[in-house]
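The next block is coords39.cif, given as mmCIF, C-alpha atoms and all ligand atoms.
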data_structure
#
loop_
_atom_site.label_atom_id
_atom_site.label_comp_id
_atom_site.auth_asym_id
_atom_site.auth_seq_id
_atom_site.Cartn_x
_atom_site.Cartn_y
_atom_site.Cartn_z
CA MET A 259 -42.54 -46.53 -25.65
CA ASN A 260 -41.57 -47.94 -22.30
CA GLU A 261 -43.57 -49.27 -19.39
CA THR A 262 -43.95 -45.92 -17.59
CA THR A 263 -45.47 -43.94 -20.44
CA ARG A 264 -48.32 -46.41 -20.84
CA ARG A 265 -49.69 -45.77 -17.38
CA PRO A 266 -52.60 -43.34 -17.17
CA HIS A 267 -50.56 -40.64 -15.42
CA GLY A 268 -51.11 -36.95 -16.00
CA ILE A 269 -47.53 -36.00 -16.70
CA VAL A 270 -44.64 -38.35 -17.26
CA VAL A 271 -41.13 -37.01 -17.58
CA ASP A 272 -38.89 -39.90 -18.42
CA HIS A 273 -35.08 -39.72 -18.15
CA LEU A 274 -34.90 -36.20 -19.52
CA SER A 275 -31.52 -34.62 -20.33
CA LYS A 276 -30.51 -31.42 -22.07
CA SER A 277 -27.18 -29.66 -22.48
CA PHE A 278 -26.22 -26.26 -23.81
CA GLY A 279 -22.68 -26.68 -25.11
CA SER A 280 -20.71 -27.95 -22.13
CA VAL A 281 -23.43 -27.05 -19.59
CA ALA A 282 -25.54 -30.03 -18.59
CA ALA A 283 -28.69 -28.02 -17.75
CA VAL A 284 -30.93 -31.03 -17.07
CA ARG A 285 -29.52 -34.43 -16.23
CA ASP A 286 -31.60 -37.55 -16.26
CA VAL A 287 -34.73 -36.11 -14.67
CA SER A 288 -37.68 -38.46 -14.22
CA LEU A 289 -40.98 -37.37 -12.68
CA THR A 290 -44.51 -38.63 -12.62
CA ILE A 291 -47.20 -36.12 -11.71
CA GLU A 292 -50.75 -37.23 -11.11
CA THR A 293 -53.73 -35.28 -12.36
CA GLY A 294 -54.75 -32.67 -9.76
CA GLU A 295 -51.34 -32.42 -8.07
CA ILE A 296 -49.78 -29.01 -7.38
CA VAL A 297 -46.04 -29.48 -7.69
CA ALA A 298 -43.28 -26.95 -7.02
CA LEU A 299 -39.97 -27.22 -8.83
CA LEU A 300 -37.72 -25.66 -6.22
CA GLY A 301 -34.10 -24.79 -6.80
CA PRO A 302 -31.58 -21.96 -6.94
CA ASN A 303 -30.92 -20.05 -10.15
CA GLY A 304 -29.31 -22.29 -12.73
CA ALA A 305 -30.77 -25.49 -11.26
CA GLY A 306 -32.45 -26.40 -14.55
CA LYS A 307 -36.06 -25.50 -13.70
CA THR A 308 -36.72 -23.41 -16.81
CA THR A 309 -35.01 -25.91 -19.08
CA THR A 310 -37.19 -28.67 -17.64
CA ILE A 311 -40.35 -26.56 -18.00
CA ASP A 312 -39.53 -25.62 -21.58
CA MET A 313 -39.24 -29.31 -22.44
CA ILE A 314 -42.50 -30.11 -20.62
CA LEU A 315 -44.19 -27.43 -22.73
CA GLY A 316 -42.59 -28.78 -25.91
CA LEU A 317 -40.74 -25.48 -26.44
CA SER A 318 -37.37 -27.14 -26.51
CA ARG A 319 -36.30 -30.59 -27.53
CA PRO A 320 -34.66 -32.94 -25.04
CA ASP A 321 -31.28 -34.44 -25.93
CA LYS A 322 -32.50 -37.61 -24.27
CA GLY A 323 -35.73 -38.80 -22.71
CA THR A 324 -39.39 -38.07 -23.31
CA VAL A 325 -42.27 -36.02 -21.94
CA THR A 326 -45.83 -37.32 -22.09
CA LEU A 327 -48.75 -35.07 -21.16
CA PHE A 328 -52.06 -36.85 -20.66
CA GLY A 329 -50.92 -39.68 -22.85
CA THR A 330 -49.73 -37.56 -25.77
CA THR A 331 -46.81 -35.35 -26.83
CA PRO A 332 -46.41 -31.82 -25.40
CA ALA A 333 -47.07 -30.31 -28.84
CA ASN A 334 -50.35 -32.19 -29.23
CA ALA A 335 -51.45 -31.42 -25.69
CA VAL A 336 -50.72 -27.70 -26.13
CA LEU A 337 -52.53 -27.56 -29.48
CA ALA A 338 -55.58 -29.22 -27.95
CA GLY A 339 -55.68 -26.53 -25.25
CA HIS A 340 -54.83 -28.95 -22.43
CA VAL A 341 -51.84 -26.92 -21.30
CA GLY A 342 -51.48 -23.30 -20.19
CA GLY A 343 -47.99 -21.89 -19.74
CA MET A 344 -46.66 -18.84 -18.00
CA LEU A 345 -43.06 -18.42 -19.04
CA GLN A 346 -40.26 -16.67 -17.24
CA THR A 347 -39.49 -14.40 -20.19
CA GLY A 348 -41.54 -12.55 -22.78
CA SER A 349 -44.19 -9.89 -22.35
CA PRO A 350 -47.75 -9.57 -23.66
CA PRO A 351 -48.14 -8.03 -27.12
CA GLN A 352 -48.46 -4.24 -27.09
CA TYR A 353 -51.31 -2.07 -28.52
CA LEU A 354 -53.96 -4.23 -26.85
CA ASN A 355 -55.86 -3.72 -23.67
CA VAL A 356 -56.19 -6.51 -21.17
CA ARG A 357 -59.63 -7.66 -22.29
CA GLU A 358 -58.63 -7.61 -25.98
CA LEU A 359 -55.56 -9.70 -25.21
CA ILE A 360 -57.49 -12.35 -23.28
CA THR A 361 -60.21 -12.37 -25.97
CA MET A 362 -57.62 -12.86 -28.69
CA VAL A 363 -55.96 -15.73 -26.86
CA ALA A 364 -59.36 -17.30 -26.15
CA SER A 365 -60.08 -17.32 -29.88
CA LEU A 366 -57.09 -19.60 -30.48
CA TYR A 367 -58.53 -22.49 -28.48
CA PRO A 368 -61.33 -24.97 -29.01
CA HIS A 369 -63.03 -24.67 -25.61
CA PRO A 370 -62.04 -21.41 -23.94
CA LEU A 371 -63.52 -20.07 -20.74
CA ASP A 372 -65.78 -17.04 -20.78
CA VAL A 373 -63.50 -13.98 -20.94
CA ASP A 374 -65.40 -12.03 -18.27
CA HIS A 375 -65.23 -15.00 -15.97
CA VAL A 376 -61.46 -15.20 -16.44
CA LEU A 377 -61.07 -11.45 -15.81
CA GLU A 378 -63.09 -11.85 -12.63
CA MET A 379 -61.23 -14.94 -11.39
CA THR A 380 -57.77 -13.51 -11.95
CA GLY A 381 -58.49 -10.12 -10.42
CA THR A 382 -57.99 -8.34 -13.75
CA ALA A 383 -61.58 -7.13 -14.30
CA GLU A 384 -60.80 -3.68 -12.92
CA ILE A 385 -57.91 -3.24 -15.35
CA ALA A 386 -59.71 -4.79 -18.34
CA THR A 387 -59.57 -1.63 -20.44
CA ARG A 388 -56.01 -0.75 -19.55
CA SER A 389 -53.21 -1.17 -22.09
CA THR A 390 -50.97 -4.15 -21.40
CA THR A 391 -48.01 -1.76 -21.39
CA LYS A 392 -49.42 0.23 -18.45
CA LEU A 393 -49.50 -2.42 -15.76
CA SER A 394 -47.63 -2.90 -12.50
CA GLY A 395 -45.52 -6.01 -11.97
CA GLY A 396 -48.26 -7.77 -10.03
CA GLN A 397 -50.93 -6.80 -12.58
CA THR A 398 -48.77 -8.02 -15.47
CA GLN A 399 -48.37 -11.39 -13.78
CA ARG A 400 -52.12 -11.66 -13.18
CA VAL A 401 -52.76 -10.87 -16.85
CA ARG A 402 -50.21 -13.48 -17.90
CA PHE A 403 -51.93 -15.94 -15.60
CA ALA A 404 -55.26 -15.07 -17.25
CA VAL A 405 -53.67 -15.77 -20.64
CA ALA A 406 -52.51 -19.18 -19.41
CA LEU A 407 -55.93 -19.91 -17.95
CA VAL A 408 -58.34 -18.83 -20.67
CA ALA A 409 -58.01 -22.04 -22.69
CA ASP A 410 -59.30 -23.85 -19.58
CA PRO A 411 -56.25 -26.12 -19.55
CA ASP A 412 -55.97 -29.26 -17.43
CA LEU A 413 -52.32 -28.46 -16.77
CA LEU A 414 -50.90 -25.07 -15.78
CA VAL A 415 -47.14 -24.62 -15.99
CA LEU A 416 -45.87 -21.48 -14.27
CA ASP A 417 -42.21 -20.53 -14.39
CA GLU A 418 -41.35 -18.30 -11.39
CA PRO A 419 -44.66 -16.46 -11.75
CA THR A 420 -44.00 -14.17 -8.78
CA ALA A 421 -40.30 -13.45 -9.28
CA ALA A 422 -40.74 -9.76 -10.03
CA ILE A 423 -43.48 -8.84 -7.56
CA ASP A 424 -43.58 -7.71 -3.95
CA VAL A 425 -44.60 -9.86 -1.01
CA GLU A 426 -48.22 -8.69 -0.96
CA GLY A 427 -48.60 -9.11 -4.70
CA ARG A 428 -47.14 -12.58 -4.35
CA ARG A 429 -49.70 -13.57 -1.75
CA ASP A 430 -52.54 -12.22 -3.94
CA PHE A 431 -51.23 -14.14 -6.90
CA TRP A 432 -51.05 -17.46 -5.05
CA ASN A 433 -54.46 -17.01 -3.47
CA ILE A 434 -55.93 -16.49 -6.92
CA MET A 435 -54.02 -19.48 -8.27
CA ARG A 436 -55.22 -21.71 -5.45
CA SER A 437 -58.87 -20.74 -5.84
CA VAL A 438 -58.68 -21.21 -9.61
CA VAL A 439 -57.15 -24.66 -9.43
CA ALA A 440 -59.37 -25.90 -6.65
CA GLY A 441 -61.37 -27.50 -9.45
CA GLY A 442 -58.76 -30.20 -9.94
CA LYS A 443 -56.26 -28.74 -12.38
CA THR A 444 -52.70 -30.00 -12.34
CA VAL A 445 -50.11 -27.30 -11.65
CA ILE A 446 -46.33 -27.27 -11.99
CA PHE A 447 -44.63 -24.10 -10.84
CA ALA A 448 -40.98 -23.17 -10.54
CA THR A 449 -39.69 -21.08 -7.67
CA HIS A 450 -36.56 -20.40 -5.70
CA TYR A 451 -38.53 -19.49 -2.58
CA LEU A 452 -38.84 -22.36 -0.14
CA GLU A 453 -41.69 -20.53 1.63
CA GLU A 454 -43.65 -20.27 -1.60
CA ALA A 455 -43.20 -23.93 -2.46
CA ASP A 456 -44.11 -24.89 1.10
CA ALA A 457 -47.25 -22.74 1.24
CA TYR A 458 -48.74 -23.48 -2.16
CA ALA A 459 -47.59 -26.89 -3.36
CA ASP A 460 -48.68 -30.39 -2.34
CA ARG A 461 -45.31 -31.71 -3.35
CA ILE A 462 -41.85 -30.24 -3.80
CA VAL A 463 -39.36 -31.47 -6.36
CA LEU A 464 -36.00 -30.10 -5.35
CA MET A 465 -33.58 -29.47 -8.22
CA ALA A 466 -29.88 -28.68 -8.11
CA ARG A 467 -27.41 -28.67 -10.98
CA GLY A 468 -29.82 -30.22 -13.38
CA ARG A 469 -30.82 -33.09 -11.15
CA VAL A 470 -33.70 -33.91 -8.86
CA VAL A 471 -32.11 -34.15 -5.41
CA ALA A 472 -35.28 -34.65 -3.36
CA ASP A 473 -38.96 -35.15 -4.05
CA GLY A 474 -41.68 -35.26 -1.42
CA PRO A 475 -44.25 -33.41 0.67
CA PRO A 476 -43.26 -29.89 1.77
CA THR A 477 -42.72 -30.89 5.40
CA GLU A 478 -40.16 -33.48 4.34
CA ILE A 479 -38.31 -31.09 2.02
CA LYS A 480 -38.39 -28.30 4.58
CA ALA A 481 -36.70 -30.54 7.08
CA LYS A 482 -33.92 -31.05 4.54
CA VAL A 483 -33.29 -27.45 3.45
CA GLY A 484 -34.96 -25.20 6.01
CA GLY A 485 -32.14 -25.29 8.52
CA ARG A 486 -31.17 -22.34 10.72
CA VAL A 487 -27.80 -21.43 12.15
CA ILE A 488 -27.29 -19.44 15.36
CA ARG A 489 -24.01 -17.64 15.96
CA ALA A 490 -23.05 -15.96 19.22
CA THR A 491 -20.10 -14.95 21.35
CA LEU A 492 -19.82 -17.08 24.45
CA SER A 493 -16.64 -18.24 26.14
CA GLU A 494 -15.98 -21.11 28.53
CA VAL A 495 -18.84 -23.36 27.47
CA SER A 496 -17.87 -26.47 25.55
CA ALA A 497 -19.49 -27.62 22.33
CA GLU A 498 -20.47 -30.84 24.15
CA GLU A 499 -22.38 -28.87 26.75
CA LEU A 500 -24.11 -26.78 24.06
CA MET A 501 -25.23 -30.02 22.40
CA THR A 502 -27.36 -30.70 25.48
CA ILE A 503 -29.71 -27.83 24.53
CA GLU A 504 -32.75 -29.53 23.04
CA GLY A 505 -32.99 -28.88 19.29
CA VAL A 506 -29.28 -28.33 18.64
CA ALA A 507 -28.27 -30.63 15.80
CA LYS A 508 -24.64 -29.52 15.71
CA ALA A 509 -22.50 -27.29 17.94
CA GLU A 510 -19.11 -25.84 17.07
CA ARG A 511 -16.71 -23.44 18.68
CA GLN A 512 -14.19 -21.11 16.99
CA GLY A 513 -12.32 -19.08 19.61
CA GLU A 514 -14.92 -17.02 21.50
CA GLY A 515 -17.61 -17.76 18.91
CA ILE A 516 -20.13 -20.58 18.87
CA THR A 517 -22.22 -21.89 16.01
CA LEU A 518 -25.37 -23.94 16.61
CA SER A 519 -27.27 -25.65 13.79
CA CYS A 520 -31.00 -26.34 14.06
CA SER A 521 -33.45 -28.05 11.74
CA ASP A 522 -35.90 -25.16 11.31
CA SER A 523 -36.84 -21.67 12.51
CA ALA A 524 -39.22 -22.85 15.25
CA THR A 525 -36.41 -24.92 16.74
CA SER A 526 -33.83 -22.15 16.45
CA ASP A 527 -36.23 -19.79 18.28
CA ARG A 528 -36.50 -22.27 21.15
CA VAL A 529 -32.76 -22.87 21.24
CA LEU A 530 -32.07 -19.13 21.30
CA ARG A 531 -34.38 -18.67 24.31
CA GLU A 532 -32.74 -21.55 26.16
CA LEU A 533 -29.29 -20.22 25.31
CA LEU A 534 -30.16 -16.82 26.83
CA THR A 535 -31.64 -18.39 29.94
CA ARG A 536 -28.71 -20.68 30.58
CA TYR A 537 -25.90 -18.30 29.62
CA PRO A 538 -26.78 -14.64 30.25
CA ALA A 539 -23.23 -13.72 29.20
CA ALA A 540 -23.88 -14.84 25.62
CA ARG A 541 -23.96 -11.90 23.18
CA ASP A 542 -23.66 -10.83 19.49
CA PHE A 543 -26.47 -13.11 18.31
CA GLU A 544 -26.99 -13.83 14.64
CA VAL A 545 -29.59 -16.21 13.23
CA HIS A 546 -29.67 -16.99 9.55
CA GLY A 547 -31.09 -19.52 7.13
CA VAL A 548 -28.86 -22.16 5.67
CA GLY A 549 -29.91 -21.05 2.17
CA LEU A 550 -30.87 -23.23 -0.75
CA GLU A 551 -27.46 -23.42 -2.31
CA GLU A 552 -25.77 -24.35 0.95
CA ALA A 553 -28.46 -26.91 1.66
CA PHE A 554 -28.04 -28.34 -1.82
CA LEU A 555 -24.32 -28.68 -1.30
CA VAL A 556 -25.05 -30.77 1.76
CA LEU A 557 -27.74 -32.78 0.02
CA THR A 558 -25.58 -33.55 -2.98
CA ALA A 559 -22.30 -33.87 -1.12
CA ASP A 560 -22.28 -37.62 -0.86
CA ASN A 561 -23.21 -38.61 -4.37
CA GLU A 562 -21.17 -38.53 -7.56
CA ASP A 563 -22.73 -35.20 -8.39
CA SER A 564 -20.26 -33.15 -6.47
CA ALA A 565 -17.72 -33.88 -9.19
CA VAL A 566 -19.33 -31.20 -11.37
CA SER A 567 -19.65 -28.48 -8.77
CA GLY A 568 -16.70 -26.63 -10.27
CA THR A 569 -19.06 -24.94 -12.75
CA ASP A 570 -21.03 -23.17 -10.05
CA ASP A 571 -18.53 -20.80 -8.52
CA ALA A 572 -19.12 -18.18 -11.16
CA ASN A 573 -22.81 -17.77 -10.43
CA PRO A 574 -23.39 -14.83 -8.07
CA GLU A 575 -27.12 -15.43 -7.84
CA LEU A 576 -27.10 -18.58 -5.77
CA ASP A 577 -28.09 -16.88 -2.59
CA GLY A 578 -31.52 -18.34 -1.91
CA PRO A 579 -33.44 -15.12 -1.16
CA GLY A 580 -36.27 -17.24 0.18
CA PHE A 581 -34.30 -17.61 3.37
CA GLU A 582 -33.87 -13.99 4.25
CA ARG A 583 -35.22 -13.17 7.65
N1 LIG B 601 -30.22 -21.10 -23.97
C1 LIG B 601 -29.21 -21.40 -23.15
N2 LIG B 601 -27.94 -21.37 -23.59
C2 LIG B 601 -26.90 -21.70 -22.79
N3 LIG B 601 -27.04 -22.07 -21.50
C3 LIG B 601 -28.27 -22.11 -20.99
C4 LIG B 601 -29.42 -21.78 -21.78
N4 LIG B 601 -30.52 -21.92 -21.00
C5 LIG B 601 -30.07 -22.30 -19.79
N5 LIG B 601 -28.73 -22.42 -19.78
C6 LIG B 601 -27.91 -22.86 -18.64
O1 LIG B 601 -28.48 -24.06 -18.14
C7 LIG B 601 -28.49 -24.08 -16.73
C8 LIG B 601 -29.90 -24.22 -16.21
O2 LIG B 601 -30.63 -23.04 -16.51
P1 LIG B 601 -32.17 -22.87 -16.21
O3 LIG B 601 -32.91 -24.04 -16.68
O4 LIG B 601 -32.56 -21.54 -16.77
O5 LIG B 601 -32.17 -22.82 -14.63
P2 LIG B 601 -33.25 -22.22 -13.61
O6 LIG B 601 -34.52 -21.96 -14.36
O7 LIG B 601 -33.38 -23.25 -12.55
O8 LIG B 601 -32.66 -20.96 -13.08
C9 LIG B 601 -27.78 -22.80 -16.30
O9 LIG B 601 -26.44 -23.10 -16.07
C10 LIG B 601 -27.97 -21.88 -17.49
O10 LIG B 601 -26.95 -20.93 -17.54
MG MG B 602 -35.62 -20.27 -14.54
#
Could you quickly redo this structure as structure tokens?
Amino acid sequence: MNETTRRPHGIVVDHLSKSFGSVAAVRDVSLTIETGEIVALLGPNGAGKTTTIDMILGLSRPDKGTVTLFGTTPANAVLAGHVGGMLQTGSPPQYLNVRELITMVASLYPHPLDVDHVLEMTGTAEIATRSTTKLSGGQTQRVRFAVALVADPDLLVLDEPTAAIDVEGRRDFWNIMRSVVAGGKTVIFATHYLEEADAYADRIVLMARGRVVADGPPTEIKAKVGGRVIRATLSEVSAEELMTIEGVAKAERQGEGITLSCSDSATSDRVLRELLTRYPAARDFEVHGVGLEEAFLVLTADNEDSAVSGTDDANPELDGPGFER
């Protein structure tokens, strides 16, 4: 045991690594999460979020490093009912209705919450008698959340809990989560939506290619990855002149086209207005988000990490849907 694991921290992830064959899924990840923190693991598909979460839950064994939950091993903490997990894969058992499922799970733990209370809190009371196979995407996720919650765990670990549900369902889910954890539970959730991490976490741990590339309050992380790019057609104005528009971080010209980079959407809105006022001839406007993957490339460009980027070209899913406008 080293110095870190002896401190009274909620969750200590210490130099964790895990490979699958030649894929280094998680590379030397260290994290300390205090009791009561709500932490988002943010990263594009393939960043290593699920692999990290599986090791935190004791579902898979690290190649290197350790995880300590409330001073003990993941397996012990889970057995004692201190940890509730909502995994990315798997579905509730069939042939049960919602209430029966939650009741069954409750029976596995030493100090479960009252089942009716859990149904009420998670917005599943009105579907309590419905079969678990007859639920919408949003309802399924609320039931899975109820399953994670019924043991009254101190730590909730949620792997992309809203991935399959629509925007409204997502908002409902997070509102329920926030009200449930207001009592001081620790939460770790994985997401590839910057907006979601920003709105519901106290802290964002940004992962890319198995590493933590940034860790801090949402405002700080947003400034790093929330950039916006404006494109337009505008001739006879130099990049230097465009740089004088307040909020333009970078200006480039390619033929008739100009590209202006801004730190966030509020700034790009202001820049766009100023651009129109100054140069009425400007046309063909396009504004788009930088995207997680692009932002990660920038963030990781100047460390030794970029040496492994060759493995990423084949992944078509690295499009950061959280940045769609
Ligand atoms: N069981 C597995 N076998 C082989 N490769 C895996 C396995 N699980 C994950 N990987 C690989 O590890 C990397 C990280 O995956 P994962 O942790 O699922 O990322 P995320 O949850 O951030 O999308 C990816 O390149 C993925 O393809
Ligand atoms: Mg995942």
Within 12 Å of A:Val529, counting all atoms listed in the file, which residues qualify if same-chain residues fewer than 3 places away don't, as a PDB file with C-alpha atoms, in the coordinates of the input?
ATOM      1  CA  ARG A 486     -31.170 -22.340  10.720  1.00  0.00           C
ATOM      2  CA  VAL A 487     -27.800 -21.430  12.150  1.00  0.00           C
ATOM      3  CA  ILE A 488     -27.290 -19.440  15.360  1.00  0.00           C
ATOM      4  CA  ARG A 489     -24.010 -17.640  15.960  1.00  0.00           C
ATOM      5  CA  LEU A 500     -24.110 -26.780  24.060  1.00  0.00           C
ATOM      6  CA  MET A 501     -25.230 -30.020  22.400  1.00  0.00           C
ATOM      7  CA  THR A 502     -27.360 -30.700  25.480  1.00  0.00           C
ATOM      8  CA  ILE A 503     -29.710 -27.830  24.530  1.00  0.00           C
ATOM      9  CA  GLU A 504     -32.750 -29.530  23.040  1.00  0.00           C
ATOM     10  CA  GLY A 505     -32.990 -28.880  19.290  1.00  0.00           C
ATOM     11  CA  VAL A 506     -29.280 -28.330  18.640  1.00  0.00           C
ATOM     12  CA  ALA A 507     -28.270 -30.630  15.800  1.00  0.00           C
ATOM     13  CA  LYS A 508     -24.640 -29.520  15.710  1.00  0.00           C
ATOM     14  CA  ALA A 509     -22.500 -27.290  17.940  1.00  0.00           C
ATOM     15  CA  THR A 517     -22.220 -21.890  16.010  1.00  0.00           C
ATOM     16  CA  LEU A 518     -25.370 -23.940  16.610  1.00  0.00           C
ATOM     17  CA  SER A 519     -27.270 -25.650  13.790  1.00  0.00           C
ATOM     18  CA  CYS A 520     -31.000 -26.340  14.060  1.00  0.00           C
ATOM     19  CA  SER A 521     -33.450 -28.050  11.740  1.00  0.00           C
ATOM     20  CA  ASP A 522     -35.900 -25.160  11.310  1.00  0.00           C
ATOM     21  CA  SER A 523     -36.840 -21.670  12.510  1.00  0.00           C
ATOM     22  CA  ALA A 524     -39.220 -22.850  15.250  1.00  0.00           C
ATOM     23  CA  THR A 525     -36.410 -24.920  16.740  1.00  0.00           C
ATOM     24  CA  SER A 526     -33.830 -22.150  16.450  1.00  0.00           C
ATOM     25  CA  GLU A 532     -32.740 -21.550  26.160  1.00  0.00           C
ATOM     26  CA  LEU A 533     -29.290 -20.220  25.310  1.00  0.00           C
ATOM     27  CA  LEU A 534     -30.160 -16.820  26.830  1.00  0.00           C
ATOM     28  CA  THR A 535     -31.640 -18.390  29.940  1.00  0.00           C
ATOM     29  CA  ARG A 536     -28.710 -20.680  30.580  1.00  0.00           C
ATOM     30  CA  TYR A 537     -25.900 -18.300  29.620  1.00  0.00           C
ATOM     31  CA  PHE A 543     -26.470 -13.110  18.310  1.00  0.00           C
ATOM     32  CA  VAL A 545     -29.590 -16.210  13.230  1.00  0.00           C
TER      33      VAL A 545
END
Query - Nearest-residue call for ligand LIG 601 (chain B), choices A:Asp372, A:Glu494, A:Asp527, A:Asp312, using all atoms listed in the file - result: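 Among the listed residues, A:Asp312 lies closest to ligand LIG 601 (chain B).
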Report task. Can you work out which one of A:Leu300, A:Met465, A:Ala421, A:Ile314 has the shortest atom-to-atom distance to A:Val271, counting only C-alpha atoms? Result ->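 Of the candidates, the smallest distance to A:Val271 is held by A:Ile314.
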**Report entry** Within 8 Å of stretch 409-417 of chain A using all atoms listed in the file, minus same-chain residues under 4 positions, as an NGL selection string
**Finding:** :A and (307-308 or 311 or 315 or 339-346 or 363-364 or 367-371 or 405 or 443-449)
Where's the centre, and what are the edge lengths in Å to one decimal, of a box along x, y and z enclosing all listed atoms of ligand LIG 601 (chain B) padded 8 Å per side, as JSON?
{"center_x": -30.5, "center_y": -22.6, "center_z": -18.3, "size_x": 24.1, "size_y": 19.3, "size_z": 27.4}
Requested in this report: Would you kindly identify which residues have an atom no farther than 12 Å from (-51.8, -23.2, 0.7), using only C-alpha atoms and the file's own coordinates, and write them out as a ChimeraX atom specification?
Outcome: /A:296-297,429-437,439-440,453-461,476
Query raised in the report: With only C-alpha atoms and all ligand atoms as the atoms that count, which of A:His450, A:Ser389, A:Val284, A:Gly279 lies nearest to ligand MG 602 (chain B)?
Result: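 For ligand MG 602 (chain B), the nearest of the given residues is A:His450.
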Cut-off 7 Å, all atoms listed in the file, neighbours of ligand LIG 601 (chain B) as a tab-separated table (two decimals) with C-alpha atoms, in the frame of the given file:
chain	number	residue	atom	x	y	z
A	278	PHE	CA	-26.22	-26.26	-23.81
A	279	GLY	CA	-22.68	-26.68	-25.11
A	281	VAL	CA	-23.43	-27.05	-19.59
A	282	ALA	CA	-25.54	-30.03	-18.59
A	283	ALA	CA	-28.69	-28.02	-17.75
A	284	VAL	CA	-30.93	-31.03	-17.07
A	301	GLY	CA	-34.10	-24.79	-6.80
A	302	PRO	CA	-31.58	-21.96	-6.94
A	303	ASN	CA	-30.92	-20.05	-10.15
A	304	GLY	CA	-29.31	-22.29	-12.73
A	305	ALA	CA	-30.77	-25.49	-11.26
A	306	GLY	CA	-32.45	-26.40	-14.55
A	307	LYS	CA	-36.06	-25.50	-13.70
A	308	THR	CA	-36.72	-23.41	-16.81
A	309	THR	CA	-35.01	-25.91	-19.08
A	310	THR	CA	-37.19	-28.67	-17.64
A	468	GLY	CA	-29.82	-30.22	-13.38
Query - A:Gly316 environment, 8 Å, only C-alpha atoms, sequence neighbours closer than 2 positions dropped, as number ranges by chain - result: A: 312-314, 318-319, 331-333
